[in-house]
$ cat model-v9.cif   # mmCIF, C-alpha atoms and all ligand atoms
data_target
loop_
_atom_site.label_atom_id
_atom_site.label_comp_id
_atom_site.auth_asym_id
_atom_site.auth_seq_id
_atom_site.Cartn_x
_atom_site.Cartn_y
_atom_site.Cartn_z
CA GLY S 1 2.68 22.37 -5.18
CA PHE S 2 2.80 19.92 -8.00
CA GLN S 3 6.25 19.38 -9.41
CA VAL S 4 7.94 16.50 -11.23
CA ILE S 5 11.23 15.35 -9.72
CA GLN S 6 13.79 13.16 -11.44
CA GLU S 7 16.62 12.32 -9.09
CA SER S 8 19.78 11.01 -10.72
CA GLU S 9 23.03 9.86 -9.25
CA GLY S 10 26.01 9.23 -11.49
CA ASP S 11 24.99 7.59 -14.73
CA PHE S 12 21.68 6.09 -13.72
CA LYS S 13 18.17 7.39 -13.64
CA GLY S 14 16.41 7.44 -10.30
CA PRO S 15 12.70 7.09 -9.61
CA ARG S 16 10.49 9.62 -11.35
CA GLN S 17 8.30 11.29 -8.77
CA ALA S 18 6.04 14.25 -8.22
CA LEU S 19 5.51 16.34 -5.15
CA LEU S 20 1.91 16.02 -4.07
CA CYS S 21 0.86 17.64 -0.81
CA GLY S 22 4.57 17.74 0.02
CA VAL S 23 4.92 13.98 -0.44
CA ARG S 24 6.98 12.35 -3.19
CA VAL S 25 4.65 10.11 -5.13
CA PRO S 26 5.54 8.02 -8.21
CA PHE S 27 4.79 10.02 -11.32
CA TYR S 28 3.17 8.28 -14.25
CA ALA S 29 1.74 11.06 -16.38
CA PRO S 30 -1.10 11.80 -16.61
CA VAL S 31 -2.65 10.00 -13.65
CA ILE S 32 -2.07 12.60 -10.95
CA ASP S 33 -4.60 15.37 -10.86
CA THR S 34 -2.94 18.73 -10.28
CA ASP S 35 -5.99 20.09 -8.44
CA PHE S 36 -5.76 17.30 -5.92
CA GLU S 37 -4.20 19.34 -3.16
CA LYS S 38 -6.99 21.90 -3.22
CA ASP S 39 -9.70 19.23 -3.35
CA LEU S 40 -8.27 17.20 -0.51
CA SER S 41 -9.20 19.78 2.13
CA ARG S 42 -12.90 19.58 1.28
CA PHE S 43 -13.17 15.84 0.56
CA GLU S 44 -15.70 14.14 2.83
CA THR S 45 -15.27 10.59 4.01
CA ARG S 46 -18.19 8.31 4.78
CA GLU S 47 -18.74 5.94 7.65
CA ASP S 48 -18.75 2.95 5.29
CA ASP S 49 -15.55 3.90 3.40
CA VAL S 50 -12.71 1.42 3.69
CA PHE S 51 -9.14 2.61 3.26
CA ILE S 52 -6.22 0.16 2.94
CA VAL S 53 -3.14 2.22 3.76
CA THR S 54 0.48 1.19 3.35
CA TYR S 55 3.97 2.22 2.52
CA PRO S 56 4.11 0.73 -1.01
CA LYS S 57 5.00 -2.96 -1.39
CA SER S 58 3.96 -3.90 2.13
CA GLY S 59 1.02 -6.14 1.26
CA THR S 60 -1.57 -3.65 -0.01
CA THR S 61 -2.93 -5.92 -2.75
CA TRP S 62 -3.10 -8.87 -0.39
CA VAL S 63 -5.21 -7.04 2.18
CA GLN S 64 -7.32 -5.44 -0.58
CA GLU S 65 -8.20 -8.95 -1.77
CA ILE S 66 -8.92 -10.18 1.76
CA VAL S 67 -11.22 -7.22 2.44
CA TRP S 68 -12.96 -7.63 -0.90
CA GLN S 69 -13.69 -11.29 -0.22
CA ILE S 70 -14.90 -10.49 3.29
CA TYR S 71 -17.42 -8.02 1.81
CA HIS S 72 -18.49 -10.59 -0.79
CA ASN S 73 -18.83 -13.56 1.51
CA GLY S 74 -15.84 -15.39 0.07
CA LYS S 75 -16.65 -14.91 -3.60
CA VAL S 76 -13.59 -14.40 -5.82
CA SER S 77 -13.95 -11.49 -8.25
CA ARG S 78 -12.99 -11.71 -11.93
CA LYS S 79 -12.22 -8.01 -12.08
CA ASN S 80 -8.78 -6.45 -11.83
CA ILE S 81 -8.05 -5.15 -8.34
CA GLU S 82 -7.58 -1.64 -9.79
CA GLU S 83 -11.20 -1.61 -10.94
CA ARG S 84 -12.40 -2.65 -7.51
CA TYR S 85 -10.37 -0.12 -5.54
CA ALA S 86 -9.56 3.51 -6.22
CA GLN S 87 -6.05 4.64 -5.43
CA PHE S 88 -6.94 7.65 -3.37
CA GLU S 89 -3.98 9.91 -4.15
CA LYS S 90 -4.30 9.21 -7.87
CA SER S 91 -8.03 9.83 -7.97
CA GLN S 92 -10.04 12.77 -9.07
CA LEU S 93 -11.87 13.69 -5.91
CA PHE S 94 -14.64 15.90 -7.37
CA PRO S 95 -16.34 16.00 -10.78
CA ARG S 96 -15.40 18.84 -13.12
CA PRO S 97 -17.82 20.50 -15.52
CA GLY S 98 -18.77 18.05 -18.26
CA ASP S 99 -17.47 14.96 -16.45
CA GLU S 100 -19.40 11.77 -16.02
CA PRO S 101 -20.22 12.02 -12.30
CA ALA S 102 -18.94 8.50 -11.59
CA VAL S 103 -15.37 9.43 -12.50
CA ALA S 104 -14.99 11.35 -9.28
CA LEU S 105 -14.57 9.68 -5.92
CA SER S 106 -17.08 12.06 -4.34
CA SER S 107 -19.87 10.65 -6.50
CA ARG S 108 -19.07 6.96 -6.19
CA PRO S 109 -21.65 4.81 -4.44
CA SER S 110 -20.98 3.28 -1.03
CA PRO S 111 -19.12 1.37 0.12
CA ARG S 112 -16.06 2.99 -1.45
CA PHE S 113 -13.00 0.71 -1.41
CA MET S 114 -9.81 2.74 -1.52
CA LYS S 115 -6.09 2.13 -1.22
CA CYS S 116 -3.70 4.88 -0.28
CA HIS S 117 0.00 5.29 0.41
CA PHE S 118 -0.26 8.67 2.11
CA PRO S 119 1.22 9.28 5.54
CA TYR S 120 -1.23 9.49 8.45
CA HIS S 121 -1.59 13.26 8.47
CA LEU S 122 -2.80 13.41 4.86
CA LEU S 123 -5.52 10.78 5.08
CA PRO S 124 -8.96 12.39 5.17
CA MET S 125 -10.61 11.49 8.45
CA SER S 126 -13.87 12.71 9.89
CA GLN S 127 -13.58 14.91 12.99
CA ASN S 128 -16.56 13.09 14.34
CA GLU S 129 -15.47 9.77 15.78
CA ALA S 130 -18.94 8.30 15.46
CA ASN S 131 -18.98 8.36 11.67
CA ARG S 132 -15.35 7.75 10.87
CA SER S 133 -14.33 5.46 7.99
CA LYS S 134 -12.29 2.30 8.54
CA TYR S 135 -8.52 2.43 7.97
CA ILE S 136 -6.49 -0.75 7.70
CA TYR S 137 -2.76 -0.11 7.80
CA VAL S 138 -0.35 -2.83 6.67
CA ALA S 139 3.35 -2.74 7.55
CA ARG S 140 6.20 -5.01 6.43
CA ASN S 141 9.85 -5.24 7.36
CA PRO S 142 11.68 -2.49 5.45
CA LYS S 143 14.34 -4.72 3.92
CA ASP S 144 11.77 -6.88 2.14
CA VAL S 145 9.85 -3.73 1.22
CA ALA S 146 12.96 -2.32 -0.47
CA VAL S 147 13.54 -5.54 -2.46
CA SER S 148 9.91 -5.75 -3.50
CA TYR S 149 9.82 -2.06 -4.44
CA PHE S 150 13.02 -2.40 -6.49
CA HIS S 151 11.53 -5.22 -8.57
CA PHE S 152 8.34 -3.28 -9.00
CA VAL S 153 9.94 -0.08 -10.30
CA ARG S 154 12.28 -2.08 -12.53
CA SER S 155 9.33 -3.88 -14.09
CA PHE S 156 8.31 -0.70 -15.91
CA GLY S 157 11.19 -1.36 -18.31
CA PRO S 158 14.37 0.59 -19.19
CA ASP S 159 12.43 3.74 -20.10
CA GLY S 160 10.28 3.47 -17.03
CA ASP S 161 10.56 4.64 -13.52
CA PHE S 162 13.99 3.45 -12.56
CA ASN S 163 16.94 1.85 -14.30
CA GLY S 164 19.60 1.55 -11.61
CA THR S 165 20.89 -1.36 -9.57
CA PHE S 166 19.44 -2.68 -6.34
CA GLU S 167 22.21 -0.89 -4.44
CA ASN S 168 21.19 2.42 -6.08
CA PHE S 169 17.55 1.88 -5.24
CA ALA S 170 18.22 0.79 -1.67
CA ASN S 171 20.20 3.96 -1.09
CA PHE S 172 17.35 6.09 -2.35
CA PHE S 173 15.00 4.15 -0.13
CA VAL S 174 17.02 4.28 3.07
CA ASN S 175 17.63 8.00 2.66
CA GLY S 176 13.93 8.75 2.30
CA LYS S 177 14.28 9.86 -1.32
CA GLY S 178 12.01 7.12 -2.58
CA SER S 179 8.32 7.66 -3.11
CA TYR S 180 6.32 8.36 0.05
CA GLY S 181 9.41 9.33 1.98
CA LEU S 182 11.27 7.63 4.79
CA TRP S 183 9.73 4.27 5.69
CA SER S 184 9.90 4.81 9.46
CA ASP S 185 8.22 8.23 9.19
CA HIS S 186 5.35 6.49 7.47
CA VAL S 187 4.89 3.48 9.73
CA LEU S 188 5.34 5.03 13.18
CA PRO S 189 2.47 7.57 13.16
CA TRP S 190 0.07 4.77 12.17
CA TRP S 191 1.51 2.45 14.80
CA LYS S 192 0.89 5.11 17.46
CA ARG S 193 -2.81 5.12 16.54
CA ARG S 194 -3.12 1.35 16.35
CA ASN S 195 -5.60 1.24 19.23
CA ASP S 196 -7.98 3.81 17.75
CA PRO S 197 -11.26 2.02 17.13
CA HIS S 198 -11.38 2.94 13.45
CA ILE S 199 -7.79 1.83 12.76
CA LEU S 200 -6.49 -1.72 12.37
CA PHE S 201 -2.71 -2.16 12.21
CA LEU S 202 -1.55 -5.37 10.51
CA LYS S 203 1.88 -6.78 9.77
CA TYR S 204 2.67 -8.65 6.56
CA GLU S 205 4.71 -11.19 8.51
CA ASP S 206 1.75 -11.97 10.80
CA LEU S 207 -0.49 -12.57 7.79
CA LYS S 208 2.10 -14.99 6.44
CA LYS S 209 2.17 -16.87 9.72
CA ASP S 210 -1.55 -17.12 10.42
CA LEU S 211 -3.83 -16.01 7.65
CA TYR S 212 -6.96 -17.59 9.12
CA PHE S 213 -6.58 -15.68 12.39
CA ASN S 214 -5.93 -12.43 10.56
CA VAL S 215 -8.84 -12.83 8.14
CA ARG S 216 -11.05 -13.23 11.19
CA ARG S 217 -9.50 -10.17 12.81
CA VAL S 218 -10.12 -8.09 9.70
CA SER S 219 -13.72 -9.30 9.40
CA GLU S 220 -14.40 -8.47 13.05
CA PHE S 221 -12.86 -5.03 12.61
CA LEU S 222 -15.17 -4.43 9.64
CA ASN S 223 -18.18 -5.70 11.61
CA LYS S 224 -18.78 -8.44 9.08
CA SER S 225 -19.71 -11.63 10.81
CA LEU S 226 -18.72 -14.64 8.74
CA SER S 227 -18.95 -18.35 9.44
CA GLU S 228 -15.79 -20.27 10.27
CA ASP S 229 -16.12 -21.98 6.90
CA VAL S 230 -16.16 -18.73 4.96
CA ILE S 231 -13.20 -17.43 6.94
CA ALA S 232 -11.28 -20.63 6.17
CA LYS S 233 -12.26 -20.36 2.51
CA ILE S 234 -11.04 -16.76 2.30
CA ALA S 235 -7.79 -17.64 4.06
CA HIS S 236 -7.21 -20.37 1.49
CA GLN S 237 -8.16 -18.21 -1.49
CA CYS S 238 -5.83 -15.44 -0.31
CA THR S 239 -2.67 -17.51 -0.07
CA PHE S 240 0.00 -16.39 -2.49
CA GLY S 241 -0.39 -19.52 -4.63
CA GLU S 242 -4.16 -19.16 -4.97
CA MET S 243 -4.00 -15.45 -5.77
CA LYS S 244 -1.23 -16.09 -8.29
CA LYS S 245 -3.64 -18.29 -10.26
CA ASN S 246 -5.52 -15.06 -11.05
CA SER S 247 -2.41 -13.00 -11.81
CA ASP S 248 -4.18 -10.87 -14.42
CA ASN S 249 -6.40 -9.49 -11.70
CA PHE S 250 -3.33 -8.31 -9.84
CA SER S 251 -1.46 -6.35 -12.48
CA VAL S 252 -1.11 -2.60 -12.91
CA LYS S 253 -3.50 -1.73 -15.68
CA ASP S 254 -2.78 1.90 -16.51
CA ILE S 255 0.78 1.16 -17.65
CA ASP S 256 1.64 -0.57 -20.94
CA SER S 257 4.10 -3.06 -19.48
CA LYS S 258 1.49 -4.38 -16.93
CA PRO S 259 3.80 -4.89 -13.95
CA LEU S 260 2.62 -7.59 -11.57
CA LEU S 261 1.69 -6.94 -7.97
CA LEU S 262 2.46 -10.56 -7.03
CA ARG S 263 6.12 -11.56 -7.23
CA LYS S 264 7.52 -13.94 -4.61
CA GLY S 265 5.45 -13.36 -1.47
CA GLN S 266 8.02 -14.38 1.12
CA ILE S 267 9.60 -13.17 4.32
CA GLY S 268 13.37 -12.68 4.14
CA ASP S 269 14.00 -12.40 0.40
CA TRP S 270 16.17 -9.38 1.27
CA ARG S 271 18.94 -11.80 2.28
CA ASN S 272 19.43 -12.55 -1.43
CA TYR S 273 20.09 -8.87 -2.20
CA PHE S 274 21.63 -7.08 0.78
CA SER S 275 25.35 -6.81 1.52
CA ALA S 276 26.28 -6.86 5.21
CA GLU S 277 27.07 -3.17 4.91
CA LEU S 278 23.70 -2.26 3.42
CA SER S 279 21.89 -4.31 6.03
CA LYS S 280 23.75 -2.38 8.75
CA LYS S 281 22.77 0.89 7.14
CA PHE S 282 19.09 -0.10 7.18
CA ASP S 283 19.39 -1.15 10.83
CA GLU S 284 21.00 2.14 11.79
CA ILE S 285 18.75 4.46 9.81
CA LEU S 286 15.37 2.68 9.83
CA VAL S 287 15.12 -0.21 12.25
CA SER S 288 16.65 1.82 15.08
CA LYS S 289 13.79 4.34 14.76
CA LEU S 290 11.43 1.66 16.09
CA GLU S 291 13.26 1.36 19.39
CA GLY S 292 10.99 2.05 22.32
CA SER S 293 7.87 2.09 20.14
CA GLY S 294 6.94 -1.53 20.79
CA LEU S 295 6.91 -2.19 17.05
CA SER S 296 9.18 -4.89 15.69
CA PHE S 297 9.35 -7.03 12.58
CA ASP S 298 10.28 -10.54 11.60
CA PHE S 299 13.14 -10.33 9.10
CA GLY S 300 13.08 -14.04 8.24
CA THR S 301 15.93 -16.50 8.44
P1 LIG U 1 7.23 -9.44 -3.10
O1 LIG U 1 7.68 -8.48 -4.16
O2 LIG U 1 8.22 -9.58 -1.99
O3 LIG U 1 6.82 -10.76 -3.66
P2 LIG U 1 1.84 -4.28 -2.54
O4 LIG U 1 0.58 -4.98 -2.83
O5 LIG U 1 1.79 -3.39 -1.35
O6 LIG U 1 2.39 -3.65 -3.76
O7 LIG U 1 2.88 -5.41 -2.08
C1 LIG U 1 3.34 -6.35 -2.99
C2 LIG U 1 4.05 -7.45 -2.22
O8 LIG U 1 3.07 -8.24 -1.52
C3 LIG U 1 4.78 -8.38 -3.16
O9 LIG U 1 5.92 -8.83 -2.43
C4 LIG U 1 3.74 -9.47 -3.35
O10 LIG U 1 4.25 -10.68 -3.83
C5 LIG U 1 3.22 -9.60 -1.92
N1 LIG U 1 1.94 -10.31 -1.87
C6 LIG U 1 0.81 -10.06 -2.55
N2 LIG U 1 -0.12 -10.98 -2.29
C7 LIG U 1 0.43 -11.85 -1.41
C8 LIG U 1 -0.04 -13.05 -0.76
N3 LIG U 1 -1.24 -13.55 -0.98
N4 LIG U 1 0.82 -13.66 0.09
C9 LIG U 1 2.05 -13.17 0.32
N5 LIG U 1 2.55 -12.07 -0.27
C10 LIG U 1 1.74 -11.41 -1.12
#

$ encode --input "model-v9.cif" --output "structure tokens"
Amino acid sequence: GFQVIQESEGDFKGPRQALLCGVRVPFYAPVIDTDFEKDLSRFETREDDVFIVTYPKSGTTWVQEIVWQIYHNGKVSRKNIEERYAQFEKSQLFPRPGDEPAVALSSRPSPRFMKCHFPYHLLPMSQNEANRSKYIYVARNPKDVAVSYFHFVRSFGPDGDFNGTFENFANFFVNGKGSYGLWSDHVLPWWKRRNDPHILFLKYEDLKKDLYFNVRRVSEFLNKSLSEDVIAKIAHQCTFGEMKKNSDNFSVKDIDSKPLLLRKGQIGDWRNYFSAELSKKFDEILVSKLEGSGLSFDFGT
């Protein structure tokens, strides 16, 4: 069911969330459609749909921009990223009586570009392997995710989503009380399906290390053949510094304070925020869950 949750601990306000399909999602009234759960079961994907899926703050915007440029042969768009991509779990899936048809995802023209933070089991996926959409999952080390997420929720201002300290937020995060649940529960099911032909699993840290190689990988996965020059151009245009020049295109538009989706763009910023004790807690609760899975992350130096 649909239910607003406001977790508080002591004298601070925790993240405001709603339960959607059993998942805690950030709640910014009135963007979540209460009929969503019902509609999800009959939503039909298309072969040319592209989903960018992440635990929030793992590099969603970055890969959205890369994919966009791949589809547009290296051309940089002047439109805000939120106009180019629908956020699946915040979208109206079907038109209601009297609606403009284009408001609903079901009536949008192909190719539909979508981002989504849902766990694997809630992503719509065709039963028929031959006409399945493409799903690009991006993962990032959980300590940097927590720092990035903290800054993001704080940027909504004192009356916004969260007004606690980093320590408060990190404790929510590591205990799976943050939006979209426990980080490891999100990442591992996608990692297990990384070899499925319609799934590409990327790591933020790998993109940082070799963007050219990863742009090529993404273009090959999407069956878009591009020249070496265009790949190099996209890799350049998608560096943090180049994207930052178009900051307005990477801000959250449906909120008055316009929080930015580009902040620092580095590996290892967590070292400026974590105590030794908190770092140990993350290792014990989250990082340890990866043992034996073959998945590991660069935590920076
Ligand atoms: P930081 O807060 O650590 O800077 P999402 O898009 O999933 O919300 O993730 C946002 C994070 O990705 C932010 O991390 C943001 O700066 C980073 N990011 C976005 N574009 C990037 C780029 N071109 N290079 C490196 N990091 C990028």

$ atom_distance --input "model-v9.cif" --atom1 "CA of Ser296 in chain S" --atom2 "CA of Asn272 in chain S"
21.4 Å

$ closest_residue --input "model-v9.cif" --among "S:Glu82, S:Glu242, S:Glu9, S:Glu47" --to "Lys258 in chain S" --atoms "all atoms listed in the file"
S:Glu82

$ residues_around --input "model-v9.cif" --residues "range 211-215 of chain S" --least-positions-apart "3" --cutoff "6 Å" --atoms "only C-alpha atoms" --output "compact mmCIF listing (two decimals) with C-alpha atoms, in the frame of the given file"
# COMPACT_ATOMS: atom_id res chain seq x y z
CA LEU S 207 -0.49 -12.57 7.79
CA VAL S 218 -10.12 -8.09 9.70
CA ALA S 235 -7.79 -17.64 4.06

$ atom_distance --input "model-v9.cif" --atom1 "CA of Tyr85 in chain S" --atom2 "CA of Thr60 in chain S"
11.0 Å

$ residues_around --input "model-v9.cif" --residues "Trp190 in chain S" --least-positions-apart "3" --cutoff "8 Å" --atoms "all atoms listed in the file" --output "VMD selection string"
chain S and resid 120 137 186 to 187 193 to 194 201

$ residues_near_ligand --input "model-v9.cif" --ligand "ligand LIG 1 (chain U)" --cutoff "7 Å" --atoms "all atoms listed in the file" --output "PyMOL selection string"
chain S and resi 54+56-62+144-145+147-149+151+208+238-240+243+261-266+269

$ build_atoms --input "model-v9.cif" --residues "range 138-161 of chain S" --atoms "N, CA, C and O atoms" --output "CSV table (one decimal), keeping the file's coordinate frame"
chain,number,residue,atom,x,y,z
S,138,VAL,N,-1.2,-1.6,6.8
S,138,VAL,CA,-0.4,-2.8,6.7
S,138,VAL,C,1.1,-2.4,6.6
S,138,VAL,O,1.5,-1.6,5.8
S,139,ALA,N,1.9,-3.0,7.5
S,139,ALA,CA,3.4,-2.7,7.6
S,139,ALA,C,4.1,-4.0,7.3
S,139,ALA,O,3.7,-5.1,7.6
S,140,ARG,N,5.3,-3.9,6.8
S,140,ARG,CA,6.2,-5.0,6.4
S,140,ARG,C,7.6,-4.6,6.7
S,140,ARG,O,8.0,-3.4,6.6
S,141,ASN,N,8.5,-5.6,7.0
S,141,ASN,CA,9.8,-5.2,7.4
S,141,ASN,C,10.5,-4.5,6.2
S,141,ASN,O,10.3,-4.9,5.0
S,142,PRO,N,11.2,-3.4,6.5
S,142,PRO,CA,11.7,-2.5,5.4
S,142,PRO,C,12.7,-3.1,4.5
S,142,PRO,O,12.8,-2.6,3.3
S,143,LYS,N,13.4,-4.1,4.9
S,143,LYS,CA,14.3,-4.7,3.9
S,143,LYS,C,13.6,-5.5,2.8
S,143,LYS,O,14.0,-5.3,1.6
S,144,ASP,N,12.6,-6.2,3.2
S,144,ASP,CA,11.8,-6.9,2.1
S,144,ASP,C,11.0,-5.9,1.3
S,144,ASP,O,10.8,-6.1,0.1
S,145,VAL,N,10.5,-4.8,2.0
S,145,VAL,CA,9.8,-3.7,1.2
S,145,VAL,C,10.8,-3.2,0.1
S,145,VAL,O,10.4,-3.0,-1.0
S,146,ALA,N,12.0,-2.9,0.5
S,146,ALA,CA,13.0,-2.3,-0.5
S,146,ALA,C,13.2,-3.3,-1.7
S,146,ALA,O,13.2,-2.8,-2.8
S,147,VAL,N,13.3,-4.6,-1.4
S,147,VAL,CA,13.5,-5.5,-2.5
S,147,VAL,C,12.3,-5.6,-3.4
S,147,VAL,O,12.4,-5.6,-4.6
S,148,SER,N,11.1,-5.7,-2.7
S,148,SER,CA,9.9,-5.8,-3.5
S,148,SER,C,9.7,-4.5,-4.3
S,148,SER,O,9.3,-4.6,-5.5
S,149,TYR,N,10.0,-3.3,-3.7
S,149,TYR,CA,9.8,-2.1,-4.4
S,149,TYR,C,10.8,-2.0,-5.6
S,149,TYR,O,10.4,-1.5,-6.7
S,150,PHE,N,12.0,-2.4,-5.4
S,150,PHE,CA,13.0,-2.4,-6.5
S,150,PHE,C,12.5,-3.2,-7.7
S,150,PHE,O,12.5,-2.7,-8.8
S,151,HIS,N,12.0,-4.4,-7.5
S,151,HIS,CA,11.5,-5.2,-8.6
S,151,HIS,C,10.3,-4.5,-9.2
S,151,HIS,O,10.2,-4.6,-10.5
S,152,PHE,N,9.5,-3.9,-8.4
S,152,PHE,CA,8.3,-3.3,-9.0
S,152,PHE,C,8.7,-2.1,-9.9
S,152,PHE,O,8.3,-2.1,-11.1
S,153,VAL,N,9.6,-1.2,-9.5
S,153,VAL,CA,9.9,-0.1,-10.3
S,153,VAL,C,10.7,-0.5,-11.5
S,153,VAL,O,10.6,0.1,-12.6
S,154,ARG,N,11.5,-1.6,-11.4
S,154,ARG,CA,12.3,-2.1,-12.5
S,154,ARG,C,11.4,-2.7,-13.6
S,154,ARG,O,11.7,-2.7,-14.8
S,155,SER,N,10.2,-3.2,-13.2
S,155,SER,CA,9.3,-3.9,-14.1
S,155,SER,C,8.7,-2.9,-15.1
S,155,SER,O,8.0,-3.4,-16.0
S,156,PHE,N,8.9,-1.6,-14.9
S,156,PHE,CA,8.3,-0.7,-15.9
S,156,PHE,C,9.2,-0.6,-17.1
S,156,PHE,O,8.9,0.2,-18.0
S,157,GLY,N,10.3,-1.3,-17.1
S,157,GLY,CA,11.2,-1.4,-18.3
S,157,GLY,C,12.3,-0.3,-18.3
S,157,GLY,O,12.2,0.6,-17.4
S,158,PRO,N,13.2,-0.3,-19.2
S,158,PRO,CA,14.4,0.6,-19.2
S,158,PRO,C,14.0,2.1,-19.3
S,158,PRO,O,14.7,2.9,-18.8
S,159,ASP,N,12.8,2.3,-20.0
S,159,ASP,CA,12.4,3.7,-20.1
S,159,ASP,C,11.5,4.1,-19.0
S,159,ASP,O,10.9,5.2,-19.0
S,160,GLY,N,11.3,3.2,-18.1
S,160,GLY,CA,10.3,3.5,-17.0
S,160,GLY,C,10.8,4.3,-15.9
S,160,GLY,O,11.6,5.2,-16.0
S,161,ASP,N,10.4,3.9,-14.7
S,161,ASP,CA,10.6,4.6,-13.5
S,161,ASP,C,12.0,4.7,-13.0
S,161,ASP,O,12.4,5.6,-12.4
